[in-house]
file input_2.cif (mmCIF, C-alpha atoms)
data_final
#
loop_
_atom_site.label_atom_id
_atom_site.label_comp_id
_atom_site.auth_asym_id
_atom_site.auth_seq_id
_atom_site.Cartn_x
_atom_site.Cartn_y
_atom_site.Cartn_z
CA MET A 1 -213.41 -124.55 75.40
CA ALA A 2 -211.90 -121.20 76.52
CA LEU A 3 -211.05 -119.06 73.49
CA ILE A 4 -208.34 -116.55 74.35
CA LYS A 5 -206.77 -113.85 72.22
CA PRO A 6 -203.81 -111.46 72.47
CA PHE A 7 -204.63 -107.76 72.24
CA CYS A 8 -203.03 -104.36 71.79
CA GLY A 9 -203.47 -102.98 75.28
CA PHE A 10 -202.99 -99.43 76.48
CA LEU A 11 -200.19 -99.09 79.04
CA TYR A 12 -198.79 -96.16 80.96
CA ASN A 13 -196.00 -94.48 79.01
CA ARG A 14 -192.78 -94.87 80.98
CA GLU A 15 -191.43 -91.71 79.35
CA LYS A 16 -194.29 -89.79 80.98
CA ILE A 17 -194.62 -91.74 84.25
CA ASP A 18 -191.41 -92.22 86.23
CA ASP A 19 -192.90 -94.37 88.97
CA LEU A 20 -195.65 -96.75 87.91
CA ALA A 21 -196.57 -97.35 91.56
CA THR A 22 -198.03 -93.83 91.70
CA VAL A 23 -200.63 -94.45 89.00
CA VAL A 24 -201.95 -97.97 89.68
CA ALA A 25 -204.58 -98.98 92.26
CA PRO A 26 -206.38 -102.07 93.60
CA PRO A 27 -209.76 -103.13 92.13
CA TYR A 28 -212.49 -100.55 92.68
CA ASP A 29 -214.54 -102.72 95.04
CA VAL A 30 -211.88 -102.98 97.76
CA ILE A 31 -211.08 -99.25 97.88
CA THR A 32 -212.41 -97.29 100.87
CA PRO A 33 -213.38 -93.59 100.58
CA SER A 34 -210.21 -92.55 102.43
CA GLN A 35 -208.09 -94.71 100.13
CA GLN A 36 -209.86 -93.22 97.14
CA ASP A 37 -208.84 -89.74 98.33
CA GLY A 38 -205.28 -90.98 98.77
CA TYR A 39 -205.07 -92.32 95.21
CA TYR A 40 -206.47 -89.06 93.88
CA ARG A 41 -203.70 -87.16 95.68
CA ARG A 42 -200.99 -89.62 94.70
CA HIS A 43 -200.87 -88.66 91.03
CA PRO A 44 -203.07 -86.70 88.57
CA TYR A 45 -202.97 -89.68 86.20
CA ASN A 46 -203.80 -92.34 88.77
CA VAL A 47 -206.19 -94.95 87.37
CA ILE A 48 -208.58 -94.26 90.26
CA ARG A 49 -210.08 -91.51 88.09
CA LEU A 50 -211.11 -94.17 85.61
CA ILE A 51 -212.20 -97.06 87.82
CA LEU A 52 -213.73 -95.18 90.78
CA GLY A 53 -214.40 -91.53 90.08
CA LYS A 54 -215.65 -89.12 92.71
CA GLU A 55 -219.25 -88.05 92.80
CA GLU A 56 -219.99 -84.30 92.77
CA PRO A 57 -223.05 -82.44 94.12
CA THR A 58 -223.73 -81.02 90.64
CA ASP A 59 -223.70 -84.40 88.87
CA LYS A 60 -226.44 -85.07 86.31
CA ASP A 61 -227.11 -87.48 83.47
CA THR A 62 -224.82 -85.62 81.07
CA SER A 63 -222.06 -84.85 83.55
CA ASN A 64 -221.04 -87.35 86.20
CA LYS A 65 -218.25 -89.66 87.33
CA TYR A 66 -218.74 -91.87 84.27
CA THR A 67 -218.49 -89.05 81.72
CA ARG A 68 -215.48 -87.67 83.60
CA ALA A 69 -213.80 -91.09 83.41
CA ALA A 70 -214.41 -91.14 79.64
CA ALA A 71 -212.92 -87.65 79.33
CA TYR A 72 -209.85 -88.61 81.35
CA PHE A 73 -209.34 -91.74 79.26
CA SER A 74 -209.57 -89.78 76.02
CA THR A 75 -207.27 -87.00 77.22
CA TRP A 76 -204.64 -89.39 78.58
CA LYS A 77 -204.49 -91.13 75.22
CA GLU A 78 -204.20 -87.82 73.37
CA LYS A 79 -201.36 -86.70 75.67
CA GLU A 80 -199.72 -90.14 75.27
CA VAL A 81 -199.84 -90.74 78.99
CA LEU A 82 -201.34 -94.02 77.84
CA THR A 83 -199.83 -95.61 74.74
CA ARG A 84 -200.93 -98.68 72.88
CA SER A 85 -198.91 -101.86 72.35
CA ARG A 86 -197.80 -102.08 68.73
CA ARG A 87 -198.38 -105.83 68.46
CA PRO A 88 -201.13 -108.05 69.88
CA SER A 89 -199.77 -109.43 73.15
CA ILE A 90 -200.51 -111.60 76.12
CA TYR A 91 -199.33 -109.96 79.35
CA LEU A 92 -197.52 -112.09 81.94
CA TYR A 93 -197.99 -111.13 85.58
CA LEU A 94 -196.06 -112.28 88.68
CA GLN A 95 -196.93 -111.33 92.26
CA ASP A 96 -194.58 -111.97 95.20
CA TYR A 97 -196.18 -111.61 98.62
CA THR A 98 -196.30 -112.74 102.23
CA ILE A 99 -199.42 -114.16 103.89
CA PRO A 100 -200.40 -113.67 107.56
CA ASP A 101 -198.69 -116.89 108.70
CA GLY A 102 -195.36 -115.50 107.44
CA ARG A 103 -194.91 -117.62 104.30
CA SER A 104 -193.54 -115.93 101.17
CA LEU A 105 -195.30 -117.00 97.98
CA GLN A 106 -195.42 -116.18 94.28
CA ARG A 107 -198.51 -116.33 92.08
CA LYS A 108 -198.09 -116.54 88.31
CA GLY A 109 -200.66 -115.69 85.67
CA PHE A 110 -201.33 -113.87 82.43
CA ILE A 111 -203.78 -111.27 81.08
CA CYS A 112 -205.51 -111.79 77.74
CA LEU A 113 -208.88 -111.39 76.08
CA VAL A 114 -211.37 -114.21 76.61
CA ARG A 115 -214.43 -114.76 74.49
CA LEU A 116 -217.58 -114.12 76.50
CA GLU A 117 -219.74 -117.17 77.08
CA GLU A 118 -223.03 -117.63 78.87
CA PHE A 119 -222.59 -119.39 82.19
CA GLY A 120 -224.76 -122.29 81.09
CA ALA A 121 -222.27 -123.23 78.35
CA GLY A 122 -219.83 -124.53 80.97
CA VAL A 123 -216.81 -122.74 79.47
CA ILE A 124 -216.73 -119.93 82.01
CA ARG A 125 -218.20 -120.79 85.38
CA PRO A 126 -219.18 -118.58 88.32
CA HIS A 127 -218.88 -119.62 91.93
CA GLU A 128 -220.65 -116.76 93.73
CA ARG A 129 -223.99 -115.01 93.53
CA THR A 130 -224.00 -111.33 92.64
CA LEU A 131 -225.87 -108.19 93.67
CA SER A 132 -227.63 -105.78 91.30
CA LYS A 133 -226.17 -102.45 92.44
CA PRO A 134 -222.53 -103.07 91.46
CA LYS A 135 -223.56 -104.35 88.02
CA VAL A 136 -225.48 -101.16 87.25
CA ASP A 137 -222.46 -99.08 88.27
CA ARG A 138 -220.00 -101.07 86.13
CA LEU A 139 -222.33 -101.06 83.11
CA ASN A 140 -222.64 -97.27 83.29
CA LEU A 141 -218.85 -97.05 83.29
CA MET A 142 -218.45 -99.40 80.32
CA ARG A 143 -221.10 -97.58 78.30
CA ALA A 144 -219.36 -94.26 78.89
CA CYS A 145 -215.77 -95.41 78.32
CA SER A 146 -215.95 -98.47 76.03
CA ALA A 147 -213.06 -100.12 77.85
CA ASN A 148 -212.01 -102.72 80.39
CA PHE A 149 -209.92 -100.93 83.02
CA SER A 150 -209.49 -103.96 85.31
CA SER A 151 -209.04 -107.67 84.67
CA ILE A 152 -211.51 -110.30 85.78
CA PHE A 153 -209.67 -112.95 87.83
CA SER A 154 -210.10 -116.54 86.62
CA ILE A 155 -208.64 -119.97 87.40
CA TYR A 156 -207.93 -122.92 85.14
CA ALA A 157 -206.56 -126.42 85.84
CA ASP A 158 -203.17 -127.29 84.33
CA PRO A 159 -201.30 -129.79 86.52
CA ASP A 160 -198.48 -129.96 83.92
CA ARG A 161 -197.94 -126.19 84.26
CA THR A 162 -197.46 -125.85 80.52
CA VAL A 163 -198.24 -122.13 80.34
CA GLU A 164 -195.77 -121.24 83.07
CA GLN A 165 -193.01 -123.27 81.45
CA VAL A 166 -193.57 -121.75 78.02
CA ALA A 167 -194.11 -118.16 79.10
CA LEU A 168 -191.53 -117.84 81.86
CA THR A 169 -188.60 -119.63 80.26
CA GLY A 170 -185.62 -117.36 79.86
CA ARG A 171 -187.18 -114.27 81.41
CA GLY A 172 -184.58 -111.80 82.58
CA SER A 173 -185.70 -108.23 83.20
CA PHE A 174 -189.26 -107.07 83.73
CA PRO A 175 -190.34 -103.75 82.14
CA PHE A 176 -192.84 -103.17 84.95
CA ASP A 177 -191.57 -103.99 88.44
CA ILE A 178 -193.19 -102.26 91.41
CA THR A 179 -193.97 -102.91 95.07
CA ASP A 180 -197.28 -101.66 96.44
CA GLU A 181 -198.14 -100.26 99.87
CA ASN A 182 -198.95 -103.76 101.15
CA GLY A 183 -195.48 -105.04 100.29
CA VAL A 184 -196.67 -107.05 97.28
CA ARG A 185 -194.21 -107.04 94.38
CA HIS A 186 -195.83 -106.89 90.94
CA ARG A 187 -193.86 -107.79 87.80
CA PHE A 188 -195.55 -107.43 84.46
CA TRP A 189 -194.48 -107.68 80.84
CA SER A 190 -195.90 -108.27 77.37
CA VAL A 191 -195.34 -111.35 75.23
CA ASP A 192 -195.92 -110.86 71.51
CA ASP A 193 -194.07 -113.91 70.20
CA GLU A 194 -196.59 -115.69 67.97
CA GLU A 195 -195.34 -119.19 68.71
CA THR A 196 -195.59 -118.66 72.47
CA ILE A 197 -199.06 -117.17 72.14
CA GLU A 198 -200.26 -120.05 69.95
CA THR A 199 -198.98 -122.57 72.49
CA ILE A 200 -200.85 -120.83 75.30
CA GLN A 201 -204.00 -120.61 73.17
CA ALA A 202 -203.82 -124.33 72.41
CA VAL A 203 -203.50 -125.19 76.09
CA MET A 204 -206.42 -122.95 77.06
CA MET A 205 -208.68 -124.35 74.34
CA GLU A 206 -208.81 -127.51 76.44
CA LYS A 207 -209.71 -125.68 79.64
CA SER A 208 -212.71 -124.15 81.29
CA LEU A 209 -212.34 -121.04 83.41
CA LEU A 210 -213.64 -120.49 86.93
CA ILE A 211 -214.24 -116.87 87.88
CA ALA A 212 -212.40 -116.28 91.13
CA ASP A 213 -212.99 -112.53 91.43
CA GLY A 214 -214.95 -110.13 89.27
CA HIS A 215 -218.35 -111.82 88.91
CA HIS A 216 -220.09 -108.44 88.70
CA ARG A 217 -217.71 -107.28 85.98
CA TYR A 218 -218.17 -110.47 83.98
CA GLU A 219 -221.95 -110.22 84.08
CA THR A 220 -221.59 -106.55 83.16
CA ALA A 221 -219.46 -107.54 80.15
CA LEU A 222 -222.21 -109.92 79.04
CA ASN A 223 -224.82 -107.16 79.35
CA TYR A 224 -222.58 -104.72 77.47
CA ARG A 225 -222.03 -107.30 74.73
CA ASP A 226 -225.78 -107.72 74.28
CA LEU A 227 -226.27 -103.96 74.09
CA MET A 228 -223.56 -103.63 71.45
CA ARG A 229 -224.89 -106.56 69.43
CA SER A 230 -228.27 -104.84 69.22
CA ARG A 231 -226.58 -101.59 68.21
CA PHE A 232 -224.26 -103.21 65.65
CA PRO A 233 -226.18 -106.28 64.40
CA GLY A 234 -224.05 -106.71 61.29
CA LEU A 235 -220.69 -107.13 63.00
CA SER A 236 -218.92 -110.49 63.12
CA ASP A 237 -218.18 -112.66 66.13
CA GLU A 238 -214.70 -111.11 66.16
CA ALA A 239 -216.07 -107.73 67.22
CA PRO A 240 -214.20 -106.71 70.41
CA PHE A 241 -217.30 -106.45 72.59
CA ASN A 242 -217.60 -110.24 72.34
CA TYR A 243 -214.48 -110.50 74.51
CA THR A 244 -213.41 -109.24 77.90
CA MET A 245 -210.05 -108.72 79.60
CA MET A 246 -209.20 -111.51 82.00
CA TYR A 247 -206.34 -112.63 84.22
CA CYS A 248 -205.83 -116.41 84.23
CA THR A 249 -203.89 -118.36 86.84
CA ASN A 250 -203.32 -122.06 87.33
CA MET A 251 -205.29 -123.83 90.04
CA HIS A 252 -202.16 -125.88 90.72
CA ASP A 253 -199.98 -122.83 91.32
CA ALA A 254 -198.61 -122.98 94.88
CA GLY A 255 -199.13 -119.22 95.10
CA LEU A 256 -202.92 -119.41 94.79
CA VAL A 257 -204.27 -118.50 98.24
CA ILE A 258 -207.74 -117.78 99.65
CA LEU A 259 -208.02 -115.63 102.77
CA PRO A 260 -211.12 -115.40 104.99
CA THR A 261 -213.88 -112.84 104.59
CA HIS A 262 -215.43 -111.86 107.92
CA ARG A 263 -219.03 -110.63 108.10
CA LEU A 264 -220.11 -107.66 110.17
CA VAL A 265 -223.71 -106.62 110.78
CA ARG A 266 -224.79 -103.02 111.30
CA HIS A 267 -227.96 -100.91 111.37
CA ILE A 268 -229.76 -103.84 113.03
CA ALA A 269 -230.32 -104.19 116.77
CA PHE A 270 -228.56 -107.31 118.04
CA ASP A 271 -229.41 -108.99 121.33
CA LEU A 272 -226.85 -111.61 122.33
CA ASP A 273 -229.12 -113.38 124.83
CA ILE A 274 -231.91 -113.84 122.28
CA PHE A 275 -229.44 -115.03 119.66
CA ALA A 276 -227.75 -117.48 122.03
CA ALA A 277 -231.10 -118.94 123.09
CA LYS A 278 -232.00 -119.63 119.44
CA ALA A 279 -228.53 -120.94 118.57
CA GLN A 280 -228.19 -123.41 121.42
CA GLN A 281 -230.16 -126.14 119.64
CA TYR A 282 -227.54 -126.12 116.86
CA PHE A 283 -224.31 -125.08 118.58
CA ASP A 284 -222.21 -125.55 121.66
CA MET A 285 -221.11 -122.09 122.78
CA GLU A 286 -217.89 -121.20 124.59
CA THR A 287 -217.37 -117.72 126.06
CA PHE A 288 -214.06 -115.82 126.20
CA PRO A 289 -214.18 -112.50 128.10
CA THR A 290 -211.38 -110.15 127.08
CA THR A 291 -209.53 -107.00 128.11
CA PRO A 292 -207.60 -104.57 125.89
CA LYS A 293 -204.32 -105.94 127.21
CA GLU A 294 -205.01 -109.58 126.40
CA ASP A 295 -207.25 -109.10 123.34
CA LEU A 296 -204.66 -109.77 120.62
CA THR A 297 -203.25 -112.89 122.27
CA LEU A 298 -206.72 -114.26 122.94
CA ARG A 299 -207.94 -113.57 119.41
CA LYS A 300 -204.92 -115.32 117.86
CA LYS A 301 -205.58 -118.33 120.05
CA ILE A 302 -209.24 -118.42 119.00
CA MET A 303 -208.42 -118.06 115.30
CA ALA A 304 -205.90 -120.91 115.58
CA THR A 305 -208.54 -123.09 117.25
CA MET A 306 -210.95 -122.36 114.41
CA GLU A 307 -208.34 -123.27 111.81
CA ASN A 308 -207.48 -126.53 113.55
CA GLU A 309 -211.06 -127.66 114.02
CA GLY A 310 -212.50 -126.24 110.81
CA GLN A 311 -211.54 -129.19 108.63
CA ASP A 312 -213.86 -131.53 110.54
CA ARG A 313 -216.73 -129.37 111.77
CA TYR A 314 -218.35 -125.99 111.29
CA ILE A 315 -217.03 -123.46 113.77
CA PHE A 316 -217.22 -119.68 113.91
CA CYS A 317 -216.45 -116.89 116.34
CA MET A 318 -218.60 -113.92 117.20
CA PHE A 319 -217.31 -110.70 118.76
CA CYS A 320 -219.83 -108.53 120.55
CA LYS A 321 -218.71 -105.25 122.14
CA LYS A 322 -221.68 -105.01 124.51
CA ARG A 323 -220.47 -108.16 126.25
CA ASN A 324 -216.79 -107.31 125.74
CA GLY A 325 -215.81 -110.74 124.59
CA TYR A 326 -215.59 -113.50 122.03
CA PHE A 327 -218.07 -116.33 121.62
CA LEU A 328 -217.03 -119.53 119.90
CA PHE A 329 -219.82 -121.61 118.31
CA ARG A 330 -219.31 -125.25 117.35
CA LEU A 331 -221.98 -127.00 115.28
CA LYS A 332 -223.22 -130.08 117.12
CA ASP A 333 -224.09 -132.13 114.04
CA TYR A 334 -224.36 -131.40 110.31
CA ALA A 335 -227.71 -133.23 110.32
CA LEU A 336 -229.16 -130.27 112.21
CA LEU A 337 -228.80 -128.17 109.05
CA ASP A 338 -231.51 -130.10 107.19
CA GLY A 339 -234.20 -127.51 107.91
CA SER A 340 -232.03 -124.65 106.68
CA MET A 341 -230.84 -126.09 103.37
CA GLU A 342 -232.74 -126.63 100.14
CA ALA A 343 -233.52 -130.16 99.02
CA GLY A 344 -231.00 -131.41 96.48
CA MET A 345 -228.20 -129.15 97.65
CA SER A 346 -224.82 -130.88 97.40
CA THR A 347 -222.96 -131.95 100.52
CA ALA A 348 -220.11 -129.61 99.56
CA LEU A 349 -222.40 -126.57 99.55
CA ARG A 350 -224.33 -127.71 102.64
CA ARG A 351 -221.07 -127.79 104.59
CA LEU A 352 -219.61 -124.56 103.23
CA ASP A 353 -218.94 -122.13 106.07
CA THR A 354 -220.37 -119.06 104.34
CA ASN A 355 -223.50 -120.95 103.27
CA ILE A 356 -224.19 -122.13 106.83
CA LEU A 357 -223.58 -118.62 108.10
CA GLU A 358 -225.97 -117.13 105.56
CA ARG A 359 -228.79 -119.66 105.72
CA LEU A 360 -228.75 -120.72 109.36
CA ILE A 361 -227.26 -117.79 111.24
CA PHE A 362 -228.45 -114.79 109.24
CA ASN A 363 -231.63 -116.02 107.57
CA GLN A 364 -233.05 -118.38 110.17
CA LEU A 365 -231.74 -117.18 113.54
CA MET A 366 -231.52 -113.43 112.83
CA GLY A 367 -234.21 -112.98 110.19
CA ILE A 368 -231.88 -111.25 107.73
CA SER A 369 -232.15 -112.19 104.07
CA CYS A 370 -228.75 -111.89 102.40
CA ASN A 371 -230.40 -111.94 98.96
CA ASP A 372 -232.77 -109.05 99.67
CA PRO A 373 -231.42 -105.71 98.33
CA GLN A 374 -232.87 -103.90 101.35
CA TYR A 375 -230.22 -105.61 103.49
CA GLU A 376 -227.23 -104.80 101.26
CA GLU A 377 -226.25 -101.87 103.50
CA CYS A 378 -226.56 -103.99 106.65
CA PHE A 379 -223.46 -106.06 105.90
CA LYS A 380 -219.82 -105.11 105.86
CA PHE A 381 -217.08 -107.47 104.68
CA VAL A 382 -213.46 -107.33 105.85
CA HIS A 383 -210.55 -109.75 105.61
CA SER A 384 -208.63 -108.97 108.78
CA ASP A 385 -209.93 -110.22 112.12
CA GLU A 386 -208.23 -107.22 113.72
CA GLU A 387 -210.16 -104.79 111.51
CA ALA A 388 -213.42 -106.64 112.14
CA VAL A 389 -213.04 -106.38 115.90
CA GLN A 390 -211.96 -102.74 115.69
CA LEU A 391 -215.06 -101.79 113.67
CA VAL A 392 -217.28 -103.28 116.37
CA GLN A 393 -215.31 -101.64 119.17
CA GLU A 394 -215.61 -98.26 117.46
CA GLY A 395 -219.37 -98.65 117.07
CA ASP A 396 -219.45 -98.83 113.27
CA CYS A 397 -220.98 -102.33 113.43
CA GLU A 398 -223.11 -104.24 115.91
CA VAL A 399 -221.37 -107.60 115.82
CA ALA A 400 -218.61 -109.40 113.92
CA PHE A 401 -218.76 -112.98 112.67
CA LEU A 402 -215.25 -114.34 112.20
CA GLY A 403 -214.85 -117.40 110.00
CA ASN A 404 -212.38 -119.72 108.30
CA PRO A 405 -211.40 -119.21 104.64
CA THR A 406 -213.00 -121.27 101.91
CA ARG A 407 -210.63 -123.94 100.55
CA ILE A 408 -209.95 -124.23 96.83
CA GLU A 409 -211.12 -127.86 96.81
CA GLN A 410 -214.48 -126.68 98.18
CA VAL A 411 -214.76 -124.21 95.31
CA ASN A 412 -214.05 -126.99 92.81
CA ASP A 413 -216.55 -129.38 94.36
CA ILE A 414 -219.37 -126.83 94.46
CA VAL A 415 -218.83 -125.47 90.95
CA ALA A 416 -218.66 -129.04 89.61
CA GLN A 417 -222.23 -129.48 90.88
CA GLY A 418 -223.33 -126.39 88.96
CA GLU A 419 -223.97 -124.51 92.22
CA LYS A 420 -223.02 -121.04 93.41
CA MET A 421 -221.67 -119.90 96.75
CA PRO A 422 -222.95 -116.93 98.74
CA GLN A 423 -221.48 -113.56 97.88
CA LYS A 424 -217.98 -112.93 99.27
CA SER A 425 -217.27 -116.60 99.93
CA THR A 426 -213.72 -116.27 98.63
CA TYR A 427 -210.99 -113.66 98.87
CA PHE A 428 -208.11 -114.49 96.58
CA TYR A 429 -205.01 -112.68 97.76
CA PRO A 430 -203.27 -110.60 96.60
CA LYS A 431 -205.58 -108.47 94.50
CA LEU A 432 -204.69 -107.63 90.93
CA LEU A 433 -203.63 -104.08 90.22
CA SER A 434 -205.79 -101.92 87.98
CA GLY A 435 -203.87 -99.77 85.52
CA LEU A 436 -201.25 -102.24 84.35
CA VAL A 437 -203.03 -102.66 81.01
CA ILE A 438 -206.33 -101.37 79.59
CA ASN A 439 -208.44 -102.95 76.86
CA GLN A 440 -210.19 -100.47 74.58
CA ILE A 441 -213.39 -101.76 72.99
CA ASN A 442 -213.74 -100.25 69.53
CA PRO A 443 -216.53 -101.76 67.37
CA GLU A 444 -214.63 -100.77 64.22
CA GLU A 445 -211.79 -103.13 65.10
CA LYS A 446 -211.58 -106.92 65.03
CA ILE A 447 -209.95 -109.16 67.60
#
call {"tool": "encode", "arguments": {"input": "input_2.cif", "output": "structure tokens"}}
result
Amino acid sequence: MALIKPFCGFLYNREKIDDLATVVAPPYDVITPSQQDGYYRRHPYNVIRLILGKEEPTDKDTSNKYTRAAAYFSTWKEKEVLTRSRRPSIYLYLQDYTIPDGRSLQRKGFICLVRLEEFGAGVIRPHERTLSKPKVDRLNLMRACSANFSSIFSIYADPDRTVEQVALTGRGSFPFDITDENGVRHRFWSVDDEETIETIQAVMMEKSLLIADGHHRYETALNYRDLMRSRFPGLSDEAPFNYTMMYCTNMHDAGLVILPTHRLVRHIAFDLDIFAAKAQQYFDMETFPTTPKEDLTLRKKIMATMENEGQDRYIFCMFCKKRNGYFLFRLKDYALLDGSMEAGMSTALRRLDTNILERLIFNQLMGISCNDPQYEECFKFVHSDEEAVQLVQEGDCEVAFLGNPTRIEQVNDIVAQGEKMPQKSTYFYPKLLSGLVINQINPEEKI
């Protein structure tokens, strides 16, 4: 099934970089413009210059953020800011973190190369739909730099926890040990022992991989592979562009957590009375007026209610500034969804919160097509209910739709049916850091 390989990754040179925390960054797609500026200021060798370069007014086809990223990558290697592992390695990665309910958890995983497979082969499976714009951006970056700067996040099922037992046994010190601005501790080290690597490879050969985060980057890697195959038709299957860099974690790891992704709508006029009149045939609505003094307490109470009831029914909360309050919607009966769902859709997908929100709320009641590129700029996605409400209060968005997180068993059930969830249905926390290891794609090499 999943064919994984060790590789000689490029890592920051600890003789050149005293504090690794100053040069790493989250994945490009969760970085705001203000955060981007902050990472630029943090260190001249911060990986932000590779994964999310700044656009300039004078940019053109031959000089732009992609060509600048390629120049930075080349220069950093020449200056030995980035140095390459001497032996092919698999890179173990631990993250210690605290979730909103106060629990402290640890997620364990490893970074390796994974042979690219078409989704239809069943070896590597997606769970979300993708948009075209991010894929064009990532392909431009790969074509300019010939490298993977960030790992795709994938999940496999290993109830015996074989990989963790083999890889973590006897670990003492960690060459890379940093804590980020969110309080997440990241420990990272390379494993080049051939016996350990062979054991991990043997375990993974029996597994399929589910993409948890990085669907756009995986599809980009497939497109890049096809471009390189046409350019180098005589190369073997072991050419490096047939592989991509991927982080793998066990589905049975207690540290695997999904947080909610709240939807906000902007640039579209929203009338609460019209919406409520349309929604009443599907939902019972409860209104909660609020004041600045009681807002936090009230919101926590509402979110707790949603969590408690969400296992048995579909429930969501809407915050609308114009009415200065929260509106809790409870679906009357799942049978009412029949007109909104396609024939043949599995029960798991029919009852998925984000699917109901997209098909019934956005498409049917509001007339917004989530799959139409013209609406891409009309949605904003955040993971904190506090941030969602604040964006509406500040006027950046019209209305916020607060929802429950997708459960891992829902992901399994839907993917098992060969179906895909709406975009942003899952938010696996914490995010992986970019800059821990980089995979250079050189057609003259073999994996």
call {"tool": "closest_residue", "arguments": {"input": "input_2.cif", "among": "A:Ala202, A:Ile274, A:Ala2, A:Cys320", "to": "Phe288 (chain A)", "atoms": "only C-alpha atoms"}}
result
A:Cys320
call {"tool": "atom_distance", "arguments": {"input": "input_2.cif", "atom1": "CA of Thr287 (chain A)", "atom2": "CA of Leu360 (chain A)"}}
result
20.4 Å
call {"tool": "resolve_selection", "arguments": {"input": "input_2.cif", "expression": "the PyMOL selection byres ((chain A and resi 336) around 12)", "output": "list of chain:residue names"}}
result
A:Ala279, A:Gln280, A:Gln281, A:Tyr282, A:Phe283, A:Tyr314, A:Leu331, A:Lys332, A:Asp333, A:Tyr334, A:Ala335, A:Leu337, A:Asp338, A:Gly339, A:Ser340, A:Met341, A:Arg350, A:Arg351, A:Ile356, A:Leu360
call {"tool": "resolve_selection", "arguments": {"input": "input_2.cif", "expression": "the PyMOL selection byres ((chain A and resi 65) around 9)", "output": "MDAnalysis selection string"}}
result
chainID A and resid 49:50 52:56 59 63:64 66:70 141
call {"tool": "resolve_selection", "arguments": {"input": "input_2.cif", "expression": "the PyMOL selection byres ((chain A and resi 136) around 12)", "output": "number ranges by chain"}}
result
A: 66, 130-135, 137-143, 216-217, 219-221, 223-224
call {"tool": "residues_near_point", "arguments": {"input": "input_2.cif", "point": "(-230.5, -119.6, 114.4)", "cutoff": "8 Å", "atoms": "only C-alpha atoms", "output": "ChimeraX atom specification"}}
result
/A:275,278-279,282,360-366
call {"tool": "atom_distance", "arguments": {"input": "input_2.cif", "atom1": "CA of Cys112 (chain A)", "atom2": "CA of Ser89 (chain A)"}}
result
7.7 Å
call {"tool": "residues_near_point", "arguments": {"input": "input_2.cif", "point": "(-211.8, -105.3, 114.7)", "cutoff": "12 Å", "atoms": "all atoms listed in the file", "output": "JSON, numbers by chain"}}
result
{"A": [262, 263, 264, 292, 295, 296, 299, 318, 319, 320, 321, 325, 326, 380, 381, 382, 383, 384, 385, 386, 387, 388, 389, 390, 391, 392, 393, 394, 395, 396, 397, 398, 399, 400, 401, 402]}
call {"tool": "closest_residue", "arguments": {"input": "input_2.cif", "among": "A:Gln106, A:Thr83, A:Thr406, A:Gln417", "to": "Cys8 (chain A)", "atoms": "only C-alpha atoms"}}
result
A:Thr83
call {"tool": "closest_residue", "arguments": {"input": "input_2.cif", "among": "A:Val437, A:Ile408, A:Ala167, A:Val114", "to": "Cys248 (chain A)", "atoms": "only C-alpha atoms"}}
result
A:Val114
call {"tool": "atom_distance", "arguments": {"input": "input_2.cif", "atom1": "CA of Met251 (chain A)", "atom2": "CA of Glu409 (chain A)"}}
result
9.8 Å
call {"tool": "closest_residue", "arguments": {"input": "input_2.cif", "among": "A:Arg107, A:Ile302, A:Gly435, A:Ile447", "to": "Asn13 (chain A)", "atoms": "all atoms listed in the file"}}
result
A:Gly435
